[in-house]
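*Asks:* My file is final-v4.tsv. It has TSV, C-alpha atoms:
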chain	number	residue	atom	x	y	z
A	1	MET	CA	0.00	0.00	0.00
A	2	SER	CA	2.83	2.41	0.84
A	3	GLY	CA	4.47	1.79	-2.56
A	4	ARG	CA	1.24	2.65	-4.35
A	5	VAL	CA	0.90	5.83	-2.30
A	6	GLU	CA	4.48	6.89	-3.06
A	7	ALA	CA	3.99	6.26	-6.78
A	8	LYS	CA	0.76	8.26	-6.75
A	9	LYS	CA	2.51	11.16	-5.01
A	10	ALA	CA	5.31	11.10	-7.60
A	11	LEU	CA	2.79	11.23	-10.45
A	12	ALA	CA	0.99	14.09	-8.74
A	13	MET	CA	4.33	15.90	-8.39
A	14	LEU	CA	4.97	15.47	-12.11
A	15	ASN	CA	1.56	16.92	-12.89
A	16	LYS	CA	2.09	19.82	-10.50
A	17	HIS	CA	5.41	20.86	-12.04
A	18	ALA	CA	4.65	19.80	-15.62
A	19	ASP	CA	5.27	23.27	-17.07
A	20	VAL	CA	8.72	23.52	-15.47
A	21	LEU	CA	9.68	20.06	-16.75
A	22	LEU	CA	8.39	20.70	-20.28
A	23	ASP	CA	10.21	24.06	-20.51
A	24	ALA	CA	13.44	22.32	-19.52
A	25	TYR	CA	12.89	19.41	-21.92
A	26	PHE	CA	11.89	21.37	-25.03
A	27	ASP	CA	13.64	24.74	-24.57
A	28	ASN	CA	16.70	24.28	-22.34
A	29	ARG	CA	18.23	20.87	-23.20
A	30	SER	CA	16.77	19.12	-20.13
A	31	VAL	CA	18.22	21.72	-17.73
A	32	ILE	CA	15.90	23.48	-15.26
A	33	LYS	CA	16.62	27.21	-15.18
A	34	ASP	CA	18.29	28.38	-11.97
A	35	ILE	CA	15.78	31.05	-10.91
A	36	PRO	CA	13.99	31.60	-7.58
A	37	GLU	CA	10.60	30.65	-9.09
A	38	HIS	CA	11.83	27.09	-9.65
A	39	GLU	CA	13.19	26.45	-6.13
A	40	ASN	CA	10.03	24.73	-4.89
A	41	ALA	CA	9.79	22.58	-8.01
A	42	ILE	CA	13.45	21.53	-7.74
A	43	ARG	CA	13.05	20.64	-4.07
A	44	ASP	CA	9.92	18.56	-4.69
A	45	LEU	CA	11.38	16.75	-7.71
A	46	MET	CA	14.67	16.08	-5.92
A	47	LYS	CA	12.71	14.30	-3.19
A	48	TYR	CA	11.56	11.64	-5.69
A	49	ARG	CA	14.92	11.60	-7.58
A	50	LEU	CA	13.25	12.80	-10.79
A	51	VAL	CA	15.97	15.43	-11.29
A	52	TRP	CA	19.62	15.43	-10.26
A	53	SER	CA	22.55	17.73	-9.61
A	54	ILE	CA	26.10	16.91	-8.47
A	55	ASP	CA	26.13	19.76	-5.93
A	56	GLN	CA	24.17	22.87	-5.14
A	57	HIS	CA	26.26	25.04	-7.47
A	58	ASP	CA	25.67	22.95	-10.63
A	59	ASP	CA	22.73	22.91	-13.01
A	60	VAL	CA	19.71	20.78	-12.18
A	61	ARG	CA	18.97	18.28	-14.97
A	62	LEU	CA	16.11	15.93	-15.70
A	63	GLY	CA	16.69	12.35	-14.59
A	64	ARG	CA	17.57	9.75	-17.20
A	65	ASP	CA	14.37	7.75	-16.62
A	66	LEU	CA	12.17	10.86	-16.77
A	67	LYS	CA	13.87	12.02	-19.99
A	68	HIS	CA	13.40	8.54	-21.48
A	69	ILE	CA	9.66	8.69	-20.68
A	70	LEU	CA	9.38	12.07	-22.43
A	71	ASP	CA	11.37	10.75	-25.42
A	72	VAL	CA	9.05	7.78	-25.77
A	73	ALA	CA	5.94	9.95	-25.33
A	74	THR	CA	7.02	12.38	-28.06
A	75	SER	CA	8.65	9.88	-30.45
A	76	HIS	CA	5.52	9.53	-32.61
A	77	TYR	CA	5.13	13.30	-32.95
A	78	ARG	CA	8.85	13.82	-33.71
A	79	ARG	CA	8.87	10.99	-36.24
A	80	ARG	CA	5.69	12.24	-37.94
A	81	SER	CA	6.86	15.86	-38.07
A	82	SER	CA	10.30	14.88	-39.40
A	83	HIS	CA	9.43	12.55	-42.30
A	84	ALA	CA	5.86	11.44	-42.96
A	85	GLN	CA	6.75	8.63	-45.38
A	86	ILE	CA	9.19	6.98	-42.96
A	87	ALA	CA	6.68	7.40	-40.14
A	88	ASP	CA	4.07	5.60	-42.26
A	89	ASN	CA	6.56	2.79	-43.00
A	90	TRP	CA	7.30	2.34	-39.31
A	91	GLU	CA	3.62	2.34	-38.30
A	92	HIS	CA	2.81	-0.16	-41.04
A	93	LEU	CA	5.68	-2.39	-39.89
A	94	ILE	CA	4.49	-2.33	-36.26
A	95	MET	CA	0.96	-3.14	-37.38
A	96	LEU	CA	2.22	-6.17	-39.32
A	97	VAL	CA	4.23	-7.33	-36.31
A	98	ASP	CA	1.14	-7.17	-34.11
A	99	GLN	CA	-0.87	-9.08	-36.70
A	100	PHE	CA	1.87	-11.72	-36.97
A	101	ALA	CA	1.95	-12.15	-33.19
A	102	GLU	CA	-1.84	-12.64	-33.14
A	103	ALA	CA	-1.71	-15.12	-36.05
A	104	ARG	CA	1.14	-17.00	-34.35
A	105	LYS	CA	-0.89	-17.23	-31.18
A	106	ARG	CA	-3.88	-18.67	-33.09
A	107	ASN	CA	-1.58	-20.90	-35.19
A	108	SER	CA	-3.06	-19.37	-38.33
A	109	THR	CA	-1.93	-20.28	-41.84
A	110	ASP	CA	-1.35	-16.59	-42.64
A	111	ARG	CA	1.86	-16.52	-40.60
A	112	GLN	CA	4.17	-17.08	-43.56
A	113	ASN	CA	2.47	-14.40	-45.66
A	114	LEU	CA	2.63	-11.93	-42.79
A	115	LEU	CA	6.31	-12.74	-42.20
A	116	GLU	CA	7.10	-12.02	-45.85
A	117	GLU	CA	5.16	-8.73	-45.65
A	118	ILE	CA	7.13	-7.79	-42.51
A	119	GLU	CA	10.45	-8.41	-44.24
A	120	GLU	CA	9.31	-6.46	-47.29
A	121	SER	CA	8.09	-3.55	-45.15
A	122	ALA	CA	11.37	-3.51	-43.18
A	123	ALA	CA	13.35	-3.48	-46.43
A	124	GLU	CA	11.25	-0.56	-47.67
A	125	LEU	CA	11.84	1.31	-44.39
A	126	ILE	CA	15.61	0.79	-44.65
A	127	GLU	CA	15.61	1.86	-48.30
A	128	ASN	CA	13.68	5.06	-47.49
A	129	LEU	CA	16.13	5.87	-44.67
A	130	ARG	CA	19.12	5.37	-46.95
A	131	GLY	CA	17.49	7.44	-49.69
A	132	ALA	CA	16.77	10.31	-47.30
A	133	VAL	CA	20.37	10.32	-46.04
A	134	SER	CA	21.94	9.99	-49.51
A	135	HIS	CA	19.91	13.03	-50.57
A	136	PHE	CA	22.19	15.22	-48.44
A	137	ALA	CA	25.34	13.53	-49.77
A	138	GLN	CA	24.24	14.66	-53.24
A	139	PHE	CA	24.06	18.27	-52.03
A	140	VAL	CA	27.61	17.95	-50.68
A	141	ALA	CA	28.87	16.47	-53.97
A	142	SER	CA	27.17	19.13	-56.10
A	143	GLY	CA	28.25	22.06	-53.93
A	144	PHE	CA	24.99	23.84	-54.89
A	145	ALA	CA	26.40	24.32	-58.38
A	146	PHE	CA	22.90	24.77	-59.82
A	147	THR	CA	23.18	28.48	-58.96
A	148	SER	CA	26.12	30.86	-59.28
A	149	ASP	CA	24.76	33.43	-56.81
A	150	ILE	CA	26.59	33.15	-53.48
A	151	GLU	CA	23.61	34.59	-51.58
A	152	LEU	CA	21.32	31.88	-52.96
A	153	ARG	CA	23.92	29.21	-52.19
A	154	ILE	CA	24.11	30.33	-48.56
A	155	GLN	CA	20.31	30.37	-48.24
A	156	GLU	CA	20.10	26.91	-49.79
A	157	ASN	CA	22.82	25.64	-47.47
A	158	HIS	CA	20.91	26.90	-44.43
A	159	ARG	CA	17.74	25.23	-45.70
A	160	VAL	CA	19.49	21.89	-46.30
A	161	LEU	CA	21.13	22.02	-42.86
A	162	LYS	CA	17.72	22.55	-41.29
A	163	MET	CA	16.36	19.54	-43.20
A	164	ALA	CA	19.36	17.46	-42.10
A	165	GLY	CA	18.74	18.41	-38.48
A	166	THR	CA	15.12	17.32	-38.82
A	167	LEU	CA	16.21	13.96	-40.25
A	168	ASN	CA	18.70	13.61	-37.41
A	169	ASP	CA	15.83	14.05	-34.94
A	170	LEU	CA	13.96	11.35	-36.83
A	171	LEU	CA	16.83	8.86	-36.49
A	172	ASP	CA	16.99	9.69	-32.78
A	173	THR	CA	13.40	8.45	-32.34
A	174	PHE	CA	14.46	4.87	-33.09
A	175	ASP	CA	15.38	3.68	-29.61
A	176	PRO	CA	17.73	0.64	-29.62
A	177	ILE	CA	16.06	-0.70	-26.46
A	178	GLU	CA	12.65	-0.46	-28.11
A	179	LEU	CA	13.93	-2.29	-31.19
A	180	TYR	CA	15.47	-5.00	-29.00
A	181	GLU	CA	12.24	-5.53	-27.05
A	182	ARG	CA	9.87	-5.24	-30.02
A	183	PRO	CA	9.93	-8.94	-31.21
A	184	GLY	CA	9.35	-10.27	-27.71
A	185	GLN	CA	9.20	-14.07	-27.80
A	186	ILE	CA	8.89	-14.25	-31.62
A	187	ARG	CA	12.11	-15.90	-32.76
A	188	GLU	CA	11.37	-15.27	-36.43
A	189	LEU	CA	11.73	-11.49	-35.90
A	190	ASN	CA	14.81	-11.43	-33.65
A	191	ARG	CA	17.32	-11.15	-36.51
A	192	LEU	CA	15.33	-8.35	-38.13
A	193	PHE	CA	14.87	-6.13	-35.05
A	194	ILE	CA	18.11	-6.96	-33.22
A	195	TYR	CA	20.56	-6.98	-36.15
A	196	HIS	CA	19.32	-5.61	-39.49
A	197	LEU	CA	17.31	-2.54	-38.40
A	198	PRO	CA	19.75	-1.23	-35.73
A	199	ARG	CA	22.70	-1.77	-38.09
A	200	ALA	CA	21.01	0.12	-40.94
A	201	ILE	CA	19.98	2.99	-38.63
A	202	ALA	CA	23.52	3.26	-37.25
A	203	HIS	CA	24.99	3.45	-40.78
A	204	CYS	CA	22.45	6.11	-41.79
A	205	ASN	CA	23.22	8.11	-38.66
A	206	ARG	CA	26.96	7.96	-39.36
A	207	ASP	CA	26.54	9.07	-42.99
A	208	LEU	CA	24.17	11.87	-41.99
A	209	VAL	CA	26.58	13.25	-39.37
A	210	HIS	CA	29.36	13.23	-41.99
A	211	SER	CA	27.14	15.10	-44.48
A	212	ILE	CA	26.18	17.69	-41.84
A	213	GLY	CA	29.87	18.29	-41.09
A	214	GLN	CA	30.64	18.75	-44.79
A	215	LEU	CA	27.70	21.15	-45.20
A	216	ARG	CA	28.89	23.27	-42.27
A	217	GLN	CA	32.40	23.49	-43.75
A	218	MET	CA	30.88	24.44	-47.09
A	219	LEU	CA	28.78	27.13	-45.41
A	220	THR	CA	31.90	28.63	-43.80
A	221	LYS	CA	33.71	28.77	-47.14
A	222	LEU	CA	30.68	30.32	-48.84
A	223	LYS	CA	30.53	33.07	-46.23
A	224	GLU	CA	34.24	33.77	-46.70
A	225	ASN	CA	33.76	33.91	-50.49
A	226	GLN	CA	30.78	36.20	-49.98
A	227	HIS	CA	32.91	38.62	-47.98
A	228	ILE	CA	35.65	38.61	-50.62
A	229	SER	CA	33.09	39.05	-53.39
A	230	ARG	CA	31.64	42.10	-51.66
A	231	LEU	CA	35.12	43.64	-51.46
A	232	ILE	CA	35.69	43.02	-55.17
A	233	ASP	CA	32.29	44.50	-56.02
A	234	ALA	CA	33.11	47.59	-53.99
A	235	PHE	CA	36.36	48.12	-55.91
A	236	GLU	CA	34.57	47.48	-59.19
A	237	GLN	CA	31.86	50.03	-58.44
A	238	ARG	CA	34.52	52.53	-57.44
A	239	TYR	CA	36.41	52.23	-60.74
A	240	LEU	CA	33.27	52.09	-62.85
A	241	GLN	CA	32.56	55.65	-61.81
A	242	ASP	CA	35.85	56.74	-63.43
A	243	HIS	CA	35.21	56.31	-67.16
A	244	GLY	CA	38.83	57.13	-68.03
A	245	PHE	CA	40.21	54.23	-66.00
A	246	THR	CA	41.67	51.40	-68.11
A	247	PRO	CA	43.41	48.90	-65.85
A	248	SER	CA	46.55	47.32	-67.23
A	249	ILE	CA	49.40	45.33	-65.75
A	250	ASP	CA	51.85	47.75	-67.39
A	251	ASP	CA	50.61	50.58	-65.20
A	252	LEU	CA	52.19	48.93	-62.16
A	253	VAL	CA	55.66	49.66	-63.53
A	254	ASN	CA	55.13	53.39	-63.29
A	255	PHE	CA	54.00	53.27	-59.68
A	256	PRO	CA	56.43	54.33	-56.95
A	257	ALA	CA	57.89	51.46	-54.99
A	258	ALA	CA	56.22	52.70	-51.79
A	259	LEU	CA	52.78	52.47	-53.42
A	260	ASN	CA	53.44	49.19	-55.18
A	261	THR	CA	54.46	47.28	-52.05
A	262	ALA	CA	51.93	45.95	-49.60
A	263	ALA	CA	52.67	45.25	-45.97
A	264	GLY	CA	52.61	41.62	-44.93
A	265	LEU	CA	49.44	40.38	-43.30
A	266	PRO	CA	49.94	38.60	-39.96
A	267	MET	CA	48.46	35.12	-40.30
A	268	CYS	CA	48.13	32.48	-37.62
A	269	GLY	CA	48.29	28.90	-38.84
A	270	TYR	CA	46.07	26.25	-37.32
A	271	ALA	CA	45.42	22.61	-38.07
A	272	ASP	CA	42.04	21.19	-38.93
A	273	ILE	CA	41.76	18.06	-36.78
A	274	TYR	CA	39.02	16.73	-39.02
A	275	ASP	CA	41.16	16.86	-42.17
A	276	VAL	CA	43.13	13.64	-42.74
A	277	ILE	CA	45.51	15.34	-45.22
A	278	GLN	CA	46.54	17.99	-42.68
A	279	GLU	CA	46.99	15.30	-40.04
A	280	GLY	CA	49.56	13.56	-42.26
A	281	ARG	CA	51.42	16.81	-42.94
A	282	LEU	CA	51.53	17.63	-39.24
A	283	GLY	CA	52.95	14.18	-38.54
A	284	GLU	CA	55.78	14.78	-41.00
A	285	LEU	CA	56.45	18.21	-39.51
A	286	VAL	CA	56.62	16.82	-35.98
A	287	VAL	CA	59.03	14.08	-37.06
A	288	ASP	CA	61.34	16.67	-38.69
A	289	LEU	CA	61.24	18.87	-35.59
A	290	ARG	CA	62.03	15.89	-33.38
A	291	ASP	CA	65.06	15.04	-35.53
A	292	GLN	CA	66.28	18.63	-35.36
A	293	ILE	CA	65.86	18.77	-31.59
A	294	ASP	CA	67.59	15.40	-31.08
A	295	GLY	CA	70.52	16.52	-33.23
A	296	SER	CA	71.03	19.89	-31.57
A	297	THR	CA	70.32	19.11	-27.92
A	298	GLU	CA	73.34	18.98	-25.63
A	299	PRO	CA	73.27	17.25	-22.24
A	300	LEU	CA	72.61	19.68	-19.44
A	301	PRO	CA	75.02	19.86	-16.50
A	302	ASP	CA	73.86	18.56	-13.16
A	303	ALA	CA	71.94	21.30	-11.46
A	304	GLU	CA	72.58	22.16	-7.86
A	305	PRO	CA	69.72	21.40	-5.50
A	306	LEU	CA	67.58	24.40	-4.66
A	307	MET	CA	67.53	25.13	-0.95
A	308	VAL	CA	64.37	26.85	0.26
A	309	ASP	CA	64.18	28.40	3.68
A	310	VAL	CA	60.73	27.59	5.09
A	311	SER	CA	61.39	28.94	8.54
A	312	GLU	CA	59.77	32.27	7.74
A	313	GLU	CA	56.18	32.61	6.63
A	314	VAL	CA	55.61	34.49	3.38
A	315	ALA	CA	52.42	36.49	2.99
A	316	ILE	CA	50.88	36.19	-0.49
A	317	ASP	CA	49.03	39.27	-1.63
A	318	SER	CA	45.49	38.78	-2.85
A	319	ASP	CA	44.50	39.50	-6.43
A	320	PRO	CA	43.47	43.19	-6.68
A	321	LEU	CA	40.98	42.43	-9.48
A	322	GLN	CA	39.34	39.74	-7.36
A	323	ASP	CA	39.16	42.09	-4.35
A	324	ALA	CA	37.57	44.78	-6.52
A	325	ALA	CA	35.04	42.29	-7.91
A	326	LEU	CA	34.08	41.17	-4.38
A	327	ALA	CA	33.61	44.80	-3.35
A	328	VAL	CA	31.32	45.50	-6.32
A	329	ILE	CA	29.30	42.34	-5.63
A	330	GLN	CA	28.93	43.19	-1.92
A	331	VAL	CA	27.58	46.68	-2.65
A	332	ALA	CA	25.33	45.47	-5.49
A	333	GLN	CA	23.89	42.75	-3.23
A	334	GLU	CA	22.43	45.43	-1.01
A	335	GLY	CA	20.30	46.54	-3.96
A	336	LEU	CA	21.20	50.20	-3.70
A	337	GLN	CA	22.27	50.88	-7.29
A	338	SER	CA	23.55	49.27	-10.48
A	339	PHE	CA	27.20	49.31	-11.55
A	340	SER	CA	28.86	49.43	-14.93
A	341	ALA	CA	32.01	47.32	-15.22
A	342	LEU	CA	33.74	49.89	-17.45
A	343	GLU	CA	32.81	52.73	-15.12
A	344	CYS	CA	34.14	50.78	-12.13
A	345	TYR	CA	37.34	50.10	-14.09
A	346	VAL	CA	37.92	53.84	-14.45
A	347	ARG	CA	36.78	55.06	-11.00
A	348	MET	CA	38.62	52.32	-9.05
A	349	ASN	CA	41.87	52.95	-11.01
A	350	LEU	CA	42.10	49.29	-12.01
A	351	ASP	CA	44.22	50.19	-15.04
A	352	GLN	CA	47.28	50.06	-12.77
A	353	TYR	CA	46.67	46.34	-12.29
A	354	SER	CA	45.42	45.41	-15.77
A	355	ASP	CA	45.80	47.19	-19.10
A	356	SER	CA	42.75	45.36	-20.50
A	357	PRO	CA	39.20	46.23	-19.41
A	358	GLU	CA	38.15	42.89	-20.91
A	359	LEU	CA	40.25	41.05	-18.30
A	360	TRP	CA	38.50	43.01	-15.54
A	361	MET	CA	35.06	42.17	-16.96
A	362	LEU	CA	36.03	38.50	-17.18
A	363	ALA	CA	37.22	38.54	-13.55
A	364	LEU	CA	33.96	40.18	-12.44
A	365	ALA	CA	31.79	37.66	-14.32
A	366	ASN	CA	33.79	34.70	-13.00
A	367	GLN	CA	33.55	35.99	-9.45
A	368	VAL	CA	29.76	36.29	-9.67
A	369	GLU	CA	29.49	32.75	-11.06
A	370	ALA	CA	31.75	31.44	-8.27
A	371	MET	CA	29.52	32.81	-5.50
A	372	PRO	CA	27.17	30.42	-3.65
A	373	ARG	CA	23.69	29.93	-5.06
A	374	GLU	CA	21.96	32.06	-2.42
A	375	VAL	CA	24.27	34.97	-3.26
A	376	ARG	CA	23.85	34.52	-7.04
A	377	HIS	CA	20.10	34.75	-6.61
A	378	ASN	CA	20.51	38.28	-5.26
A	379	ILE	CA	22.83	39.40	-8.10
A	380	GLU	CA	21.80	40.06	-11.68
A	381	MET	CA	24.29	40.48	-14.51
A	382	ARG	CA	23.32	42.04	-17.83
A	383	PHE	CA	25.75	41.80	-20.74
A	384	CYS	CA	25.79	44.76	-23.12
A	385	GLU	CA	26.32	43.31	-26.57
A	386	GLU	CA	26.70	44.67	-30.08
A	387	ALA	CA	26.78	42.94	-33.46
A	388	THR	CA	30.08	42.76	-35.34
A	389	GLY	CA	28.47	42.98	-38.81
A	390	LEU	CA	30.53	40.11	-40.21
A	391	TRP	CA	28.47	37.21	-38.85
A	392	PRO	CA	24.85	37.58	-37.75
A	393	ASP	CA	25.33	35.40	-34.65
A	394	LEU	CA	28.68	36.86	-33.52
A	395	LEU	CA	28.24	39.44	-30.74
A	396	LEU	CA	30.86	41.45	-28.84
A	397	ILE	CA	30.39	42.24	-25.14
A	398	HIS	CA	31.51	45.80	-24.43
A	399	ASP	CA	30.19	46.22	-20.87
A	400	ILE	CA	28.58	44.34	-17.95
A	401	ILE	CA	25.88	45.82	-15.69
A	402	VAL	CA	25.81	44.35	-12.16
A	403	GLN	CA	22.88	45.08	-9.87
A	404	GLY	CA	20.92	43.52	-7.04
A	405	ARG	CA	17.62	41.84	-7.78
A	406	ALA	CA	15.86	44.07	-5.27
A	407	HIS	CA	17.04	47.12	-7.24
A	408	ALA	CA	16.10	45.45	-10.57
A	409	ALA	CA	12.57	44.78	-9.35
Show me this structure written as structure tokens.

*Replies:*
Amino acid sequence: MSGRVEAKKALAMLNKHADVLLDAYFDNRSVIKDIPEHENAIRDLMKYRLVWSIDQHDDVRLGRDLKHILDVATSHYRRRSSHAQIADNWEHLIMLVDQFAEARKRNSTDRQNLLEEIEESAAELIENLRGAVSHFAQFVASGFAFTSDIELRIQENHRVLKMAGTLNDLLDTFDPIELYERPGQIRELNRLFIYHLPRAIAHCNRDLVHSIGQLRQMLTKLKENQHISRLIDAFEQRYLQDHGFTPSIDDLVNFPAALNTAAGLPMCGYADIYDVIQEGRLGELVVDLRDQIDGSTEPLPDAEPLMVDVSEEVAIDSDPLQDAALAVIQVAQEGLQSFSALECYVRMNLDQYSDSPELWMLALANQVEAMPREVRHNIEMRFCEEATGLWPDLLLIHDIIVQGRAHAA
């Protein structure tokens, strides 16, 4: 009786805090937002071990079993919204499996026909999955060559990436545990649901992830080409306005040397860890460097032991930026006023400790995040951002506003 009562209370708790759980599941990657309004829900759900957190300073996440229940409950909707044809194939296959189990139980003569239909339906499902995944490989191979406009190529790349993400969600709805348990005691279906279907889904998932990676690299190159193309167009428009301009390579001879020489551009080299060709070149470079070091290194003389006098205590000065950040947090916690990080940098003469205001803002943000949860609840940070203009999703933080929640209210 007590077990039934506990289970009923847990279900009631899920119903009570359903909105908090659904917001975390759909909008925040299964993480419950750390705000005062969710404290009661977190405490109640922690009691039944439906959510977990390593300590009080970490994020609170949905439990694995609870997340699995939500995945199973929404799998039909996600599969249907991702690819209707594949969803129909899967539903038809499950219907045939149920009919085969019923015919097997009644020892009906239709068992063989139903088994052949199940194998045919499974083959059709696998073929549709492979066709949907290979569709994106064709986009990668073509490079969107059907249009020469870079703007249209970028738009098409974004659209294809969104479609690939939807198909990835579809493949995620096929739970390996569900496939393993689907045949039950039917031996005739074990090989199909335990070997063939999971193997085909795993191959499709691997090929799709590879295509998504190639599409993202292609999108980066297209954006770089778009930027270069805009620069060329700007120069072209500039010279089109001068009707007497006739560019020629011979004109460069008459230019002064100072105007005909460009300063070198500082470039930082980096290796692409996903590129096999660069990995081989780096290996050769490392081998050459090792040979050079081995050939030029001389044995070092024996160093004298370092004697340290520990009889006297040495006082280590605290970090002035950390002290300043604690002072700002303490005053802001009282809720009297809001503070600008840049303004504090100037008024507190922090330039004598750090030449970079960005380092001071980073120290202030880290100090706020390192405070205990009850202190963080009383502090609100607002990042002042501005767009760079080069990428739409790249923002630069130029200031941080720190204030108490009592003042913000």

*Asks:* Here is a test: counting only C-alpha atoms, which residue of A:Glu181, A:Asp169, A:Asp355, A:Glu151 is nearest to A:Asn225?

*Replies:*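 The answer is A:Glu151, which sits nearest to A:Asn225.
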
*Asks:* Hey, which of A:His68, A:Arg382, A:Lys223, A:Arg153 ends up closest to A:Ser338? Count all atoms listed in the file.

*Replies:*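 Going through A:His68, A:Arg382, A:Lys223, A:Arg153 one by one, the smallest distance to A:Ser338 is for A:Arg382.
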
*Asks:* For A:Ala73, which residue among A:Gln99, A:Thr173, A:Leu362, A:Glu156 is the nearest when counting all atoms listed in the file?

*Replies:*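 When distances to A:Ala73 are compared using all atoms listed in the file, the smallest one comes from A:Thr173.
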
*Asks:* Quick check, in Å to one decimal: how far apart do atom CA of A:Leu45 and atom CA of A:Asn378 lie?

*Replies:* 23.5 Å

*Asks:* Grab the atom CA of A:Thr388 to atom CA of A:Trp360 distance for me, in Å with one decimal place.

*Replies:*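 Computed distance, atom CA of A:Thr388 to atom CA of A:Trp360, equals 21.5 Å.
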
*Asks:* Grab the atom CA of A:Arg49 to atom CA of A:Arg373 distance for me, in Å with one decimal place.

*Replies:*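 Distance between the two atoms: 20.5 Å.
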
*Asks:* Between A:Leu395, A:Gln330, A:Ala324, A:Glu358, which is the closest to A:Val375 once you count only C-alpha atoms?

*Replies:* A:Gln330

*Asks:* Please provide as a list in words all residues within 12 Å of A:Leu14, with the sequence filter that same-chain residues fewer than 5 positions apart are discarded (counting only C-alpha atoms).

*Replies:*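 So, after excluding close chain neighbours, the residues are Ala7, Lys8, Lys9, Asp19, Val20, Leu21, Leu22, Ala41, Ile42, Asp44, Leu45, Met46, Lys47, Tyr48, Arg49, Leu50, Val51, Leu62, Leu66, Ile69 and Leu70 of chain A.
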
*Asks:* Okay, now the selection with C-alpha atoms, as a compact mmCIF listing (two decimals), in the frame of the given file?

*Replies:*
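Listed below is the output, again-v3.txt:
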# COMPACT_ATOMS: atom_id res chain seq x y z
CA ALA A 7 3.99 6.26 -6.78
CA LYS A 8 0.76 8.26 -6.75
CA LYS A 9 2.51 11.16 -5.01
CA ASP A 19 5.27 23.27 -17.07
CA VAL A 20 8.72 23.52 -15.47
CA LEU A 21 9.68 20.06 -16.75
CA LEU A 22 8.39 20.70 -20.28
CA ALA A 41 9.79 22.58 -8.01
CA ILE A 42 13.45 21.53 -7.74
CA ASP A 44 9.92 18.56 -4.69
CA LEU A 45 11.38 16.75 -7.71
CA MET A 46 14.67 16.08 -5.92
CA LYS A 47 12.71 14.30 -3.19
CA TYR A 48 11.56 11.64 -5.69
CA ARG A 49 14.92 11.60 -7.58
CA LEU A 50 13.25 12.80 -10.79
CA VAL A 51 15.97 15.43 -11.29
CA LEU A 62 16.11 15.93 -15.70
CA LEU A 66 12.17 10.86 -16.77
CA ILE A 69 9.66 8.69 -20.68
CA LEU A 70 9.38 12.07 -22.43

*Asks:* Of the candidates A:Glu188, A:Asp207, A:Asp27, A:Glu39, which one gets nearest to A:Ala132 if we count all atoms listed in the file?

*Replies:* A:Asp207

*Asks:* Taking (2.7, -9.6, -37.0) in the file's own coordinates, collect the residues within 12 Å, counting only C-alpha atoms, and hand them back as a VMD selection string.

*Replies:* chain A and resid 92 to 106 108 110 to 119 121 182 to 184 186 188 to 189

*Asks:* For A:Met218, which of A:Ala141, A:Leu125, A:Val31, A:Leu240 is the closest residue, counting only C-alpha atoms?

*Replies:*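 Comparing A:Ala141, A:Leu125, A:Val31, A:Leu240 against A:Met218, the winner is A:Ala141.
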
*Asks:* Considering only C-alpha atoms, return as a PyMOL selection string whatever protein or nucleic-acid residues lie within 9 Å of A:Glu386, sequence-local ones (same chain, fewer than 2 positions apart) excluded.

*Replies:* chain A and resi 384+388+394-398

*Asks:* For the residues selected in the previous step, produce a file with C-alpha atoms as an mmCIF file, keeping the file's coordinate frame.

*Replies:*
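The resulting again_5.cif:
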data_model
loop_
_atom_site.group_PDB
_atom_site.id
_atom_site.type_symbol
_atom_site.label_atom_id
_atom_site.label_comp_id
_atom_site.auth_asym_id
_atom_site.auth_seq_id
_atom_site.Cartn_x
_atom_site.Cartn_y
_atom_site.Cartn_z
ATOM 1 C CA CYS A 384 25.790 44.760 -23.120
ATOM 2 C CA THR A 388 30.080 42.760 -35.340
ATOM 3 C CA LEU A 394 28.680 36.860 -33.520
ATOM 4 C CA LEU A 395 28.240 39.440 -30.740
ATOM 5 C CA LEU A 396 30.860 41.450 -28.840
ATOM 6 C CA ILE A 397 30.390 42.240 -25.140
ATOM 7 C CA HIS A 398 31.510 45.800 -24.430
#

*Asks:* For A:Ala200, work out the shell of residues within 10 Å, counting only C-alpha atoms and skipping chain neighbours fewer than 3 positions away, then give it as a short mmCIF file (atom, residue, chain, number, x, y, z; two decimals) with C-alpha atoms, in the frame of the given file.

*Replies:*
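To be explicit, this is the file written out as around17.cif:
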data_model
loop_
_atom_site.label_atom_id
_atom_site.label_comp_id
_atom_site.auth_asym_id
_atom_site.auth_seq_id
_atom_site.Cartn_x
_atom_site.Cartn_y
_atom_site.Cartn_z
CA LEU A 125 11.84 1.31 -44.39
CA ILE A 126 15.61 0.79 -44.65
CA GLU A 127 15.61 1.86 -48.30
CA LEU A 129 16.13 5.87 -44.67
CA ARG A 130 19.12 5.37 -46.95
CA TYR A 195 20.56 -6.98 -36.15
CA HIS A 196 19.32 -5.61 -39.49
CA LEU A 197 17.31 -2.54 -38.40
CA HIS A 203 24.99 3.45 -40.78
CA CYS A 204 22.45 6.11 -41.79
CA ASN A 205 23.22 8.11 -38.66
CA ARG A 206 26.96 7.96 -39.36
#

*Asks:* For a cutoff of 12 Å around the file-coordinate point (27.1, 36.6, -47.1), which residues qualify once you count only C-alpha atoms? I'd like the result as a list in words.

*Replies:*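 Residues found, by chain and rising number: Asp149, Ile150, Glu151, Leu152, Arg153, Ile154, Gln155, Asn157, His158, Leu219, Thr220, Lys221, Leu222, Lys223, Glu224, Asn225, Gln226, His227, Ile228, Ser229, Arg230, Leu231, Gly389, Leu390, Trp391 and Pro392 of chain A.
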